[in-house]
$ cat start-v2.cif   # mmCIF, C-alpha atoms
data_protein
loop_
_atom_site.label_atom_id
_atom_site.label_comp_id
_atom_site.auth_asym_id
_atom_site.auth_seq_id
_atom_site.Cartn_x
_atom_site.Cartn_y
_atom_site.Cartn_z
CA MET A 1 -2.57 -18.69 -14.47
CA GLN A 2 0.35 -17.06 -16.20
CA LEU A 3 1.43 -16.27 -19.75
CA MET A 4 4.60 -18.07 -20.73
CA ARG A 5 7.65 -15.98 -19.90
CA SER A 6 9.20 -16.99 -23.24
CA SER A 7 6.18 -15.69 -25.16
CA LYS A 8 6.50 -12.58 -27.28
CA LYS A 9 3.19 -11.53 -25.75
CA MET A 10 4.31 -11.15 -22.18
CA ILE A 11 2.73 -8.47 -20.01
CA ASN A 12 5.38 -5.79 -19.49
CA ALA A 13 4.67 -3.26 -16.74
CA ILE A 14 6.05 0.13 -15.80
CA ASP A 15 5.16 1.23 -12.27
CA LEU A 16 4.77 4.98 -11.81
CA PHE A 17 4.89 6.26 -8.19
CA CYS A 18 6.40 2.84 -7.45
CA GLY A 19 7.51 3.59 -3.88
CA ALA A 20 8.99 0.57 -2.12
CA GLY A 21 7.63 -1.76 -4.80
CA GLY A 22 4.45 -3.20 -3.30
CA LEU A 23 2.48 -3.08 -6.55
CA SER A 24 5.47 -4.24 -8.61
CA TYR A 25 6.09 -7.18 -6.27
CA GLY A 26 2.45 -8.27 -6.49
CA LEU A 27 2.49 -8.02 -10.29
CA GLN A 28 5.64 -10.13 -10.40
CA GLN A 29 3.92 -12.77 -8.28
CA ALA A 30 1.27 -12.93 -11.01
CA GLY A 31 3.91 -13.48 -13.70
CA VAL A 32 4.03 -9.93 -15.02
CA ASN A 33 7.41 -8.70 -16.27
CA VAL A 34 8.08 -5.46 -14.37
CA VAL A 35 10.26 -3.36 -16.65
CA ALA A 36 10.94 -0.38 -14.38
CA GLY A 37 9.73 1.73 -11.49
CA VAL A 38 9.56 5.52 -11.31
CA ASP A 39 9.46 7.62 -8.14
CA ILE A 40 10.68 10.96 -6.84
CA ASP A 41 11.60 9.54 -3.41
CA SER A 42 15.30 8.65 -3.21
CA ASP A 43 14.63 6.46 -0.14
CA CYS A 44 12.87 4.01 -2.48
CA GLU A 45 15.80 3.51 -4.85
CA TYR A 46 17.73 0.81 -3.00
CA VAL A 47 14.58 -0.91 -1.72
CA TYR A 48 13.01 -1.13 -5.17
CA GLY A 49 16.13 -2.28 -6.98
CA ARG A 50 17.06 -4.81 -4.30
CA ASN A 51 13.66 -6.52 -4.21
CA ILE A 52 12.16 -6.00 -7.66
CA LYS A 53 15.47 -6.30 -9.51
CA ALA A 54 14.30 -3.84 -12.12
CA PRO A 55 15.60 -0.38 -13.06
CA PHE A 56 14.51 2.48 -10.82
CA LEU A 57 14.15 5.98 -12.25
CA LEU A 58 14.58 8.68 -9.61
CA LYS A 59 12.50 11.26 -11.38
CA ASP A 60 9.49 13.54 -10.91
CA ILE A 61 6.61 12.32 -13.07
CA ARG A 62 6.14 15.91 -14.22
CA GLU A 63 9.53 15.65 -15.90
CA ILE A 64 9.00 12.21 -17.43
CA THR A 65 8.42 12.30 -21.19
CA VAL A 66 6.39 9.89 -23.27
CA GLU A 67 9.62 9.02 -25.07
CA ASP A 68 11.23 8.09 -21.73
CA ILE A 69 8.44 5.60 -21.05
CA ASN A 70 8.26 4.20 -24.58
CA ASN A 71 12.01 3.55 -24.54
CA LEU A 72 11.67 1.42 -21.41
CA TYR A 73 9.17 -1.04 -22.86
CA PRO A 74 10.39 -4.08 -24.82
CA LYS A 75 9.41 -4.10 -28.50
CA ASN A 76 7.13 -7.11 -28.10
CA GLY A 77 4.42 -7.93 -25.61
CA TYR A 78 1.50 -6.24 -23.92
CA ARG A 79 2.07 -2.91 -22.21
CA LEU A 80 0.73 -2.24 -18.73
CA LEU A 81 1.08 1.21 -17.21
CA ALA A 82 0.51 1.07 -13.45
CA GLY A 83 0.65 3.57 -10.66
CA CYS A 84 -0.62 4.88 -7.36
CA ALA A 85 -0.52 8.67 -7.33
CA PRO A 86 0.04 9.97 -3.77
CA CYS A 87 -3.29 9.78 -1.98
CA GLN A 88 -2.81 12.47 0.70
CA PRO A 89 -4.96 15.13 -1.03
CA PHE A 90 -7.89 12.68 -1.22
CA SER A 91 -7.56 11.03 2.18
CA LYS A 92 -10.44 11.10 4.66
CA HIS A 93 -7.89 12.15 7.27
CA ARG A 94 -7.88 15.60 5.68
CA ARG A 95 -11.47 16.04 7.05
CA GLY A 96 -13.06 18.80 5.01
CA GLU A 97 -9.78 20.57 4.33
CA ASP A 98 -9.52 22.19 0.89
CA THR A 99 -6.65 20.28 -0.73
CA THR A 100 -7.08 21.48 -4.31
CA GLU A 101 -3.97 23.65 -3.98
CA ASP A 102 -1.86 20.65 -2.90
CA GLU A 103 0.83 20.11 -5.55
CA LYS A 104 0.05 16.38 -5.49
CA TRP A 105 -3.51 17.05 -6.66
CA THR A 106 -2.51 17.16 -10.34
CA LEU A 107 -0.29 14.07 -10.35
CA LEU A 108 -3.14 11.96 -11.68
CA ASP A 109 -3.34 14.38 -14.60
CA GLU A 110 0.33 13.65 -15.24
CA PHE A 111 -0.48 9.95 -15.21
CA GLY A 112 -3.18 10.69 -17.79
CA ARG A 113 -0.72 12.64 -19.92
CA ILE A 114 1.56 9.63 -20.12
CA VAL A 115 -1.34 7.28 -20.90
CA LEU A 116 -2.33 9.58 -23.77
CA GLY A 117 1.16 9.49 -25.25
CA VAL A 118 2.00 5.83 -24.67
CA MET A 119 -1.44 4.26 -25.22
CA PRO A 120 -0.59 1.08 -23.29
CA ASP A 121 -2.78 -1.99 -23.63
CA PHE A 122 -3.71 -1.84 -19.94
CA VAL A 123 -3.82 0.80 -17.24
CA THR A 124 -4.23 0.23 -13.53
CA MET A 125 -4.19 2.57 -10.56
CA GLU A 126 -4.80 2.31 -6.83
CA ASN A 127 -5.81 5.06 -4.41
CA VAL A 128 -8.12 5.91 -1.52
CA PRO A 129 -11.84 5.31 -2.23
CA GLY A 130 -12.61 9.00 -1.71
CA ILE A 131 -10.86 9.92 -4.94
CA VAL A 132 -13.89 8.81 -7.00
CA SER A 133 -15.79 11.99 -6.08
CA THR A 134 -13.03 14.32 -7.25
CA VAL A 135 -12.86 16.24 -10.50
CA VAL A 136 -9.36 14.95 -11.24
CA PHE A 137 -10.48 11.29 -11.05
CA LYS A 138 -13.52 11.94 -13.25
CA ARG A 139 -11.27 13.70 -15.73
CA PHE A 140 -8.88 10.73 -15.72
CA THR A 141 -11.59 8.12 -16.32
CA GLN A 142 -13.35 10.20 -18.98
CA GLN A 143 -10.06 10.57 -20.82
CA LEU A 144 -9.54 6.79 -20.76
CA ILE A 145 -13.02 6.21 -22.18
CA LYS A 146 -12.48 8.77 -24.95
CA LEU A 147 -9.24 7.00 -25.85
CA GLY A 148 -11.16 3.76 -26.34
CA TYR A 149 -10.43 2.01 -23.06
CA HIS A 150 -12.91 -0.19 -21.25
CA VAL A 151 -12.78 1.08 -17.66
CA SER A 152 -13.68 -0.61 -14.40
CA TYR A 153 -13.12 0.58 -10.85
CA LYS A 154 -14.35 -0.32 -7.38
CA SER A 155 -13.59 0.04 -3.70
CA CYS A 156 -11.83 -3.16 -2.64
CA PHE A 157 -11.99 -4.50 0.91
CA CYS A 158 -8.47 -5.84 1.24
CA PRO A 159 -9.12 -8.86 3.54
CA GLU A 160 -11.09 -10.33 0.62
CA TYR A 161 -7.84 -10.32 -1.37
CA GLY A 162 -5.75 -12.09 1.26
CA LEU A 163 -4.42 -9.01 3.06
CA PRO A 164 -4.55 -9.40 6.86
CA GLN A 165 -5.65 -5.79 7.28
CA ASN A 166 -8.93 -3.86 7.44
CA ARG A 167 -8.05 -1.60 4.55
CA ARG A 168 -10.15 -0.27 1.69
CA ARG A 169 -8.58 0.90 -1.55
CA LEU A 170 -9.92 2.10 -4.86
CA VAL A 171 -8.64 -0.03 -7.74
CA LEU A 172 -9.06 0.93 -11.40
CA LEU A 173 -8.38 -1.40 -14.30
CA ALA A 174 -8.68 -0.36 -17.95
CA SER A 175 -8.12 -2.29 -21.17
CA LYS A 176 -7.85 -1.26 -24.79
CA LEU A 177 -8.52 -4.85 -25.82
CA GLY A 178 -12.03 -5.49 -24.51
CA GLU A 179 -14.37 -5.40 -21.51
CA VAL A 180 -12.49 -5.86 -18.27
CA HIS A 181 -13.42 -5.83 -14.59
CA VAL A 182 -11.61 -5.22 -11.32
CA PRO A 183 -11.28 -8.71 -9.82
CA GLU A 184 -13.41 -9.84 -6.92
CA GLY A 185 -11.67 -11.04 -3.79
CA THR A 186 -11.60 -14.77 -3.11
CA PHE A 187 -11.58 -14.67 0.71
CA LYS A 188 -14.89 -14.60 2.57
CA ALA A 189 -15.70 -13.45 6.10
CA GLY A 190 -14.52 -16.16 8.47
CA THR A 191 -11.58 -17.05 6.22
CA TYR A 192 -9.73 -13.72 6.31
CA LYS A 193 -6.05 -13.81 7.22
CA THR A 194 -5.51 -12.59 10.75
CA VAL A 195 -2.83 -10.89 12.81
CA ARG A 196 -2.12 -14.23 14.49
CA LYS A 197 -1.52 -16.03 11.19
CA ILE A 198 0.97 -13.41 10.03
CA ILE A 199 3.03 -12.37 13.07
CA GLU A 200 2.46 -14.82 15.93
CA ASP A 201 5.66 -16.76 15.16
CA ILE A 202 7.92 -13.70 15.01
CA PRO A 203 10.32 -13.85 17.99
CA PRO A 204 9.31 -11.58 20.89
CA ILE A 205 11.17 -8.35 21.58
CA LYS A 206 10.74 -5.65 24.21
CA SER A 207 9.70 -2.05 23.74
CA GLY A 208 12.52 -0.04 22.20
CA LYS A 209 14.53 -3.15 21.31
CA GLU A 210 15.35 -4.98 18.08
CA SER A 211 16.06 -8.50 16.91
CA ALA A 212 19.69 -9.49 16.45
CA GLU A 213 18.70 -11.46 13.34
CA ASP A 214 16.48 -8.89 11.66
CA PRO A 215 17.19 -5.14 12.00
CA LEU A 216 13.66 -4.37 10.79
CA HIS A 217 12.13 -6.29 13.69
CA LYS A 218 12.52 -3.24 15.88
CA SER A 219 9.95 -1.48 18.05
CA LEU A 220 9.76 2.14 19.07
CA GLY A 221 10.39 2.73 22.75
CA LEU A 222 7.46 3.60 25.02
CA SER A 223 7.42 6.25 27.70
CA ASP A 224 6.69 5.10 31.24
CA VAL A 225 3.08 6.25 31.02
CA ASN A 226 2.52 4.55 27.65
CA LEU A 227 4.08 1.36 28.97
CA SER A 228 1.57 1.48 31.82
CA ARG A 229 -1.22 2.15 29.32
CA ILE A 230 -0.40 -0.81 27.10
CA LYS A 231 -0.14 -3.09 30.13
CA ALA A 232 -3.66 -2.00 31.06
CA SER A 233 -4.97 -2.49 27.50
CA LYS A 234 -6.93 -5.50 26.28
CA PRO A 235 -6.79 -6.87 22.71
CA GLY A 236 -9.57 -5.12 20.80
CA GLY A 237 -10.33 -2.95 23.85
CA THR A 238 -10.18 0.81 24.35
CA TRP A 239 -8.77 3.36 26.78
CA ARG A 240 -11.94 2.86 28.83
CA ASP A 241 -10.22 -0.27 30.19
CA TRP A 242 -7.55 1.89 31.88
CA PRO A 243 -7.43 3.31 35.39
CA VAL A 244 -8.46 6.97 35.47
CA ASP A 245 -4.93 8.17 36.23
CA LEU A 246 -3.71 6.85 32.87
CA LEU A 247 -6.23 8.74 30.74
CA ALA A 248 -4.91 11.35 28.33
CA ASP A 249 -6.46 14.82 28.25
CA CYS A 250 -8.25 14.06 24.96
CA HIS A 251 -10.02 11.10 26.59
CA LYS A 252 -11.44 13.32 29.36
CA ARG A 253 -13.16 15.68 26.93
CA LYS A 254 -16.60 14.95 25.47
CA SER A 255 -14.98 14.48 22.08
CA GLY A 256 -12.83 11.70 23.52
CA SER A 257 -15.34 9.08 22.46
CA SER A 258 -14.14 9.52 18.88
CA PHE A 259 -10.65 8.27 19.82
CA GLN A 260 -11.66 4.71 20.74
CA SER A 261 -8.83 3.00 18.88
CA VAL A 262 -5.98 5.31 19.92
CA TYR A 263 -3.50 3.58 22.26
CA GLY A 264 -5.16 0.23 21.54
CA ARG A 265 -4.01 -3.36 21.20
CA MET A 266 -4.76 -5.38 18.09
CA HIS A 267 -6.79 -8.57 18.28
CA TRP A 268 -5.02 -11.82 17.40
CA ASP A 269 -7.90 -13.37 15.50
CA GLU A 270 -8.94 -10.47 13.31
CA PRO A 271 -7.24 -8.56 10.48
CA SER A 272 -5.18 -5.63 11.70
CA PRO A 273 -6.32 -2.01 11.45
CA THR A 274 -5.16 -0.04 8.42
CA ILE A 275 -1.38 0.15 8.36
CA THR A 276 -0.58 3.85 8.07
CA THR A 277 2.83 5.52 7.91
CA GLN A 278 2.69 5.81 11.73
CA PHE A 279 1.84 2.18 12.52
CA TYR A 280 4.95 1.83 14.71
CA ASN A 281 3.61 4.46 17.14
CA PHE A 282 1.36 3.09 19.88
CA GLY A 283 -0.35 6.46 20.30
CA THR A 284 -1.56 6.84 16.70
CA GLY A 285 -4.01 3.95 16.50
CA ARG A 286 -4.66 0.36 17.52
CA TYR A 287 -1.05 -0.61 16.92
CA GLY A 288 -0.25 -2.29 20.21
CA HIS A 289 0.95 -5.90 19.92
CA PRO A 290 -1.80 -8.31 21.04
CA THR A 291 0.24 -9.72 23.94
CA GLN A 292 3.67 -8.07 24.13
CA HIS A 293 3.95 -4.68 25.87
CA ARG A 294 5.03 -2.71 22.81
CA ALA A 295 3.87 -1.31 19.49
CA LEU A 296 4.24 -3.16 16.21
CA SER A 297 7.76 -3.57 14.93
CA LEU A 298 8.62 -2.34 11.44
CA ARG A 299 8.84 -5.93 10.20
CA GLU A 300 5.44 -6.82 11.61
CA GLY A 301 3.89 -3.76 9.95
CA ALA A 302 5.47 -4.70 6.62
CA MET A 303 4.11 -8.24 6.84
CA LEU A 304 0.63 -7.00 7.73
CA GLN A 305 0.91 -4.77 4.65
CA GLY A 306 1.40 -7.92 2.58
CA PHE A 307 5.18 -7.92 2.14
CA PRO A 308 7.03 -11.21 2.66
CA LYS A 309 9.31 -11.55 5.67
CA LYS A 310 12.35 -11.54 3.37
CA TYR A 311 11.58 -8.12 1.87
CA VAL A 312 14.55 -5.79 2.34
CA PHE A 313 13.89 -2.18 3.36
CA ILE A 314 17.36 -1.01 4.30
CA GLU A 315 20.91 -1.33 3.06
CA PRO A 316 23.15 -3.55 5.18
CA GLY A 317 24.83 -1.59 7.93
CA LYS A 318 22.61 1.47 7.56
CA LYS A 319 20.71 2.94 10.51
CA VAL A 320 17.01 2.11 10.83
CA TYR A 321 14.86 5.25 10.89
CA PHE A 322 11.26 4.63 11.95
CA ASN A 323 9.80 7.60 10.09
CA THR A 324 11.52 6.69 6.80
CA ILE A 325 10.73 2.98 6.75
CA GLY A 326 7.30 3.51 8.26
CA ARG A 327 6.53 5.88 5.39
CA LEU A 328 7.71 3.38 2.77
CA ILE A 329 5.61 0.61 4.28
CA GLY A 330 2.49 2.65 5.04
CA ASN A 331 2.40 4.28 1.60
CA ALA A 332 2.92 1.02 -0.30
CA VAL A 333 0.32 -0.67 -2.45
CA PRO A 334 -0.36 -4.01 -0.69
CA PRO A 335 1.25 -6.74 -2.84
CA PRO A 336 -1.84 -9.00 -2.71
CA LEU A 337 -3.78 -6.32 -4.63
CA GLY A 338 -1.02 -6.17 -7.24
CA LYS A 339 -1.11 -9.93 -7.61
CA ALA A 340 -4.90 -9.93 -8.03
CA ILE A 341 -4.65 -7.24 -10.72
CA GLY A 342 -1.92 -9.10 -12.60
CA ASN A 343 -3.87 -12.35 -12.50
CA GLU A 344 -7.00 -10.60 -13.74
CA ILE A 345 -5.18 -9.12 -16.73
CA THR A 346 -3.87 -12.59 -17.63
CA ARG A 347 -7.39 -14.05 -17.36
CA HIS A 348 -8.68 -11.21 -19.50
CA ILE A 349 -6.13 -11.96 -22.22
CA LEU A 350 -6.74 -15.72 -22.19
CA LYS A 351 -10.53 -15.39 -22.04
CA ASN A 352 -10.62 -13.10 -25.05
CA LYS A 353 -7.90 -15.09 -26.86
CA ILE A 354 -6.16 -11.83 -27.59
#
$ encode --input "start-v2.cif" --output "structure tokens"
Amino acid sequence: MQLMRSSKKMINAIDLFCGAGGLSYGLQQAGVNVVAGVDIDSDCEYVYGRNIKAPFLLKDIREITVEDINNLYPKNGYRLLAGCAPCQPFSKHRRGEDTTEDEKWTLLDEFGRIVLGVMPDFVTMENVPGIVSTVVFKRFTQQLIKLGYHVSYKSCFCPEYGLPQNRRRLVLLASKLGEVHVPEGTFKAGTYKTVRKIIEDIPPIKSGKESAEDPLHKSLGLSDVNLSRIKASKPGGTWRDWPVDLLADCHKRKSGSSFQSVYGRMHWDEPSPTITTQFYNFGTGRYGHPTQHRALSLREGAMLQGFPKKYVFIEPGKKVYFNTIGRLIGNAVPPPLGKAIGNEITRHILKNKI
């Protein structure tokens, strides 16, 4: 369900905090015209331009003016302002830590400043579910309501949206044009996409090796002890399956029971665990390949994050750095969520005959 690309009433989107383009790619799949992406991370510039084929502004959102944004939008059509402010200050991994002094804390306020000046027809944002309890999120939503937007937000379980990954994300959708709702997922338990469906056909490689055909299909090398650990690991199992001599010190302490998924293998017939920026590291979660004695490759992680196999993350001939590409993939908005949001905005427009 898409608006005609030739129509003067196309949906034109600007993606703030665009990163590697996950949200933009999903919106494009839904027929949205992505006008530009904005991000402070120079590592995103080639990736975004190469895949999204839209202008990339290497700029801090604090320095972006309302005029900058208004000048990017075409004269005709609906305006969508989208973004995923960095979620680190609101992440559950910060466990009770006071993050209010984190400089990223106020980036959502900057998003709100641009909304106030631009007054787009639609606003969408994605973040960790924990953000809903913060003052900055409440301030953002209250501002939208005062400006006349209809606001909807909910915690989305990503397998319900076609993502083969046990990930939860907060999605907000706001419209100036009428009542709107964050879309429901269309996949039910038992029909979720699984690790097997996404990566089983990718050619096998060994630990520390890469594919000759795809430089992103590369796995981080394992130490001798970690190679022994993964060989002793069962899909979906824990370190309790290992011989005692392979246990890490953290497993021997009473608190070790809270590290059940560390150094674990994924299960073929379930969605993967949440793809973080460290998904390529066997020791940071259940990121062991279901059958091969290695951690996920960068390509496999990208595909489990919802990117197509053709998505380009590195310039030809450039060296592959795990920490850089892992960060781009792990921080990305899963494209299936972007597609669902774009489709919902189109339905909203057609339903209300706007």
$ resolve_selection --input "start-v2.cif" --expression "the PyMOL selection byres ((chain A and resi 197) around 10)" --output "PyMOL selection string"
chain A and resi 164+192-196+198-201+268-271+304
$ resolve_selection --input "start-v2.cif" --expression "the PyMOL selection byres ((chain A and resi 207) around 9)" --output "JSON, numbers by chain"
{"A": [205, 206, 208, 209, 210, 218, 219, 220, 221, 222, 227, 292, 293, 294, 295]}
$ residues_around --input "start-v2.cif" --residues "Ser228 (chain A)" --least-positions-apart "4" --cutoff "8 Å" --atoms "all atoms listed in the file" --output "mmCIF file with C-alpha atoms, in the coordinates of the input"
data_model
loop_
_atom_site.group_PDB
_atom_site.id
_atom_site.type_symbol
_atom_site.label_atom_id
_atom_site.label_comp_id
_atom_site.auth_asym_id
_atom_site.auth_seq_id
_atom_site.Cartn_x
_atom_site.Cartn_y
_atom_site.Cartn_z
ATOM 1 C CA ASP A 224 6.690 5.100 31.240
ATOM 2 C CA ALA A 232 -3.660 -2.000 31.060
ATOM 3 C CA LEU A 246 -3.710 6.850 32.870
#
$ closest_residue --input "start-v2.cif" --among "A:Tyr149, A:Phe17, A:Tyr46, A:Phe187" --to "Met125 (chain A)" --atoms "only C-alpha atoms"
A:Phe17
$ closest_residue --input "start-v2.cif" --among "A:Val180, A:Val244, A:Ala82, A:Ile230" --to "Gly288 (chain A)" --atoms "all atoms listed in the file"
A:Ile230
$ closest_residue --input "start-v2.cif" --among "A:Asn51, A:Thr346, A:Thr134, A:Ser223" --to "Gly37 (chain A)" --atoms "all atoms listed in the file"
A:Asn51
$ residues_near_point --input "start-v2.cif" --point "(13.8, -6.0, -2.1)" --cutoff "10 Å" --atoms "all atoms listed in the file" --output "number ranges by chain"
A: 20-22, 25, 46-53, 307-308, 310-315
$ atom_distance --input "start-v2.cif" --atom1 "CA of Lys9 (chain A)" --atom2 "CA of Val115 (chain A)"
19.9 Å
$ axis_aligned_box --input "start-v2.cif" --around "region 113-127 of chain A" --padding-each-side "8 Å" --output "JSON"
{"center_x": -1.9, "center_y": 5.3, "center_z": -14.8, "size_x": 23.8, "size_y": 30.6, "size_z": 36.8}
$ residues_around --input "start-v2.cif" --residues "Leu144 (chain A)" --least-positions-apart "6" --cutoff "10 Å" --atoms "only C-alpha atoms" --output "list in words"
Gly112, Val115, Leu116, Met119, Val123, Lys138, His150, Val151, Ala174, Ser175 and Lys176 of chain A
$ build_atoms --input "start-v2.cif" --residues "region 35-44 of chain A" --atoms "all heavy atoms" --output "PDB file, in the coordinates of the input"
ATOM      1  N   VAL A  35       9.169  -3.926 -15.867  1.00  0.00           N
ATOM      2  CA  VAL A  35      10.260  -3.360 -16.650  1.00  0.00           C
ATOM      3  C   VAL A  35      11.023  -2.302 -15.857  1.00  0.00           C
ATOM      4  O   VAL A  35      12.257  -2.221 -15.918  1.00  0.00           O
ATOM      5  CB  VAL A  35       9.715  -2.743 -17.957  1.00  0.00           C
ATOM      6  CG1 VAL A  35      10.820  -2.043 -18.735  1.00  0.00           C
ATOM      7  CG2 VAL A  35       9.059  -3.816 -18.807  1.00  0.00           C
ATOM      8  N   ALA A  36      10.296  -1.473 -15.109  1.00  0.00           N
ATOM      9  CA  ALA A  36      10.940  -0.380 -14.380  1.00  0.00           C
ATOM     10  C   ALA A  36       9.960   0.244 -13.402  1.00  0.00           C
ATOM     11  O   ALA A  36       8.737   0.109 -13.538  1.00  0.00           O
ATOM     12  CB  ALA A  36      11.453   0.696 -15.343  1.00  0.00           C
ATOM     13  N   GLY A  37      10.516   0.934 -12.420  1.00  0.00           N
ATOM     14  CA  GLY A  37       9.730   1.730 -11.490  1.00  0.00           C
ATOM     15  C   GLY A  37      10.191   3.166 -11.519  1.00  0.00           C
ATOM     16  O   GLY A  37      11.370   3.439 -11.772  1.00  0.00           O
ATOM     17  N   VAL A  38       9.256   4.086 -11.281  1.00  0.00           N
ATOM     18  CA  VAL A  38       9.560   5.520 -11.310  1.00  0.00           C
ATOM     19  C   VAL A  38       9.052   6.143 -10.017  1.00  0.00           C
ATOM     20  O   VAL A  38       7.902   5.925  -9.620  1.00  0.00           O
ATOM     21  CB  VAL A  38       8.894   6.218 -12.504  1.00  0.00           C
ATOM     22  CG1 VAL A  38       9.241   7.705 -12.525  1.00  0.00           C
ATOM     23  CG2 VAL A  38       9.281   5.555 -13.821  1.00  0.00           C
ATOM     24  N   ASP A  39       9.900   6.919  -9.342  1.00  0.00           N
ATOM     25  CA  ASP A  39       9.460   7.620  -8.140  1.00  0.00           C
ATOM     26  C   ASP A  39      10.406   8.770  -7.855  1.00  0.00           C
ATOM     27  O   ASP A  39      11.585   8.724  -8.241  1.00  0.00           O
ATOM     28  CB  ASP A  39       9.418   6.668  -6.933  1.00  0.00           C
ATOM     29  CG  ASP A  39       8.436   7.130  -5.869  1.00  0.00           C
ATOM     30  OD1 ASP A  39       8.729   8.122  -5.175  1.00  0.00           O
ATOM     31  OD2 ASP A  39       7.363   6.514  -5.739  1.00  0.00           O
ATOM     32  N   ILE A  40       9.886   9.783  -7.178  1.00  0.00           N
ATOM     33  CA  ILE A  40      10.680  10.960  -6.840  1.00  0.00           C
ATOM     34  C   ILE A  40      11.410  10.796  -5.507  1.00  0.00           C
ATOM     35  O   ILE A  40      12.280  11.589  -5.160  1.00  0.00           O
ATOM     36  CB  ILE A  40       9.767  12.214  -6.794  1.00  0.00           C
ATOM     37  CG1 ILE A  40      10.600  13.496  -6.818  1.00  0.00           C
ATOM     38  CG2 ILE A  40       8.842  12.163  -5.575  1.00  0.00           C
ATOM     39  CD1 ILE A  40       9.749  14.746  -6.935  1.00  0.00           C
ATOM     40  N   ASP A  41      11.066   9.756  -4.753  1.00  0.00           N
ATOM     41  CA  ASP A  41      11.600   9.540  -3.410  1.00  0.00           C
ATOM     42  C   ASP A  41      12.888   8.721  -3.474  1.00  0.00           C
ATOM     43  O   ASP A  41      12.862   7.523  -3.779  1.00  0.00           O
ATOM     44  CB  ASP A  41      10.550   8.831  -2.556  1.00  0.00           C
ATOM     45  CG  ASP A  41      10.959   8.703  -1.103  1.00  0.00           C
ATOM     46  OD1 ASP A  41      12.113   9.020  -0.769  1.00  0.00           O
ATOM     47  OD2 ASP A  41      10.102   8.271  -0.295  1.00  0.00           O
ATOM     48  N   SER A  42      14.014   9.336  -3.137  1.00  0.00           N
ATOM     49  CA  SER A  42      15.300   8.650  -3.210  1.00  0.00           C
ATOM     50  C   SER A  42      15.404   7.505  -2.194  1.00  0.00           C
ATOM     51  O   SER A  42      16.208   6.580  -2.377  1.00  0.00           O
ATOM     52  CB  SER A  42      16.449   9.639  -2.985  1.00  0.00           C
ATOM     53  OG  SER A  42      16.346  10.247  -1.705  1.00  0.00           O
ATOM     54  N   ASP A  43      14.595   7.540  -1.118  1.00  0.00           N
ATOM     55  CA  ASP A  43      14.630   6.460  -0.140  1.00  0.00           C
ATOM     56  C   ASP A  43      14.111   5.140  -0.715  1.00  0.00           C
ATOM     57  O   ASP A  43      14.328   4.079  -0.126  1.00  0.00           O
ATOM     58  CB  ASP A  43      13.794   6.822   1.095  1.00  0.00           C
ATOM     59  CG  ASP A  43      14.434   7.922   1.927  1.00  0.00           C
ATOM     60  OD1 ASP A  43      15.675   7.935   2.012  1.00  0.00           O
ATOM     61  OD2 ASP A  43      13.703   8.770   2.465  1.00  0.00           O
ATOM     62  N   CYS A  44      13.424   5.212  -1.849  1.00  0.00           N
ATOM     63  CA  CYS A  44      12.870   4.010  -2.480  1.00  0.00           C
ATOM     64  C   CYS A  44      13.877   3.303  -3.384  1.00  0.00           C
ATOM     65  O   CYS A  44      13.681   2.139  -3.735  1.00  0.00           O
ATOM     66  CB  CYS A  44      11.640   4.357  -3.313  1.00  0.00           C
ATOM     67  SG  CYS A  44      10.317   5.170  -2.418  1.00  0.00           S
TER      68      CYS A  44
END
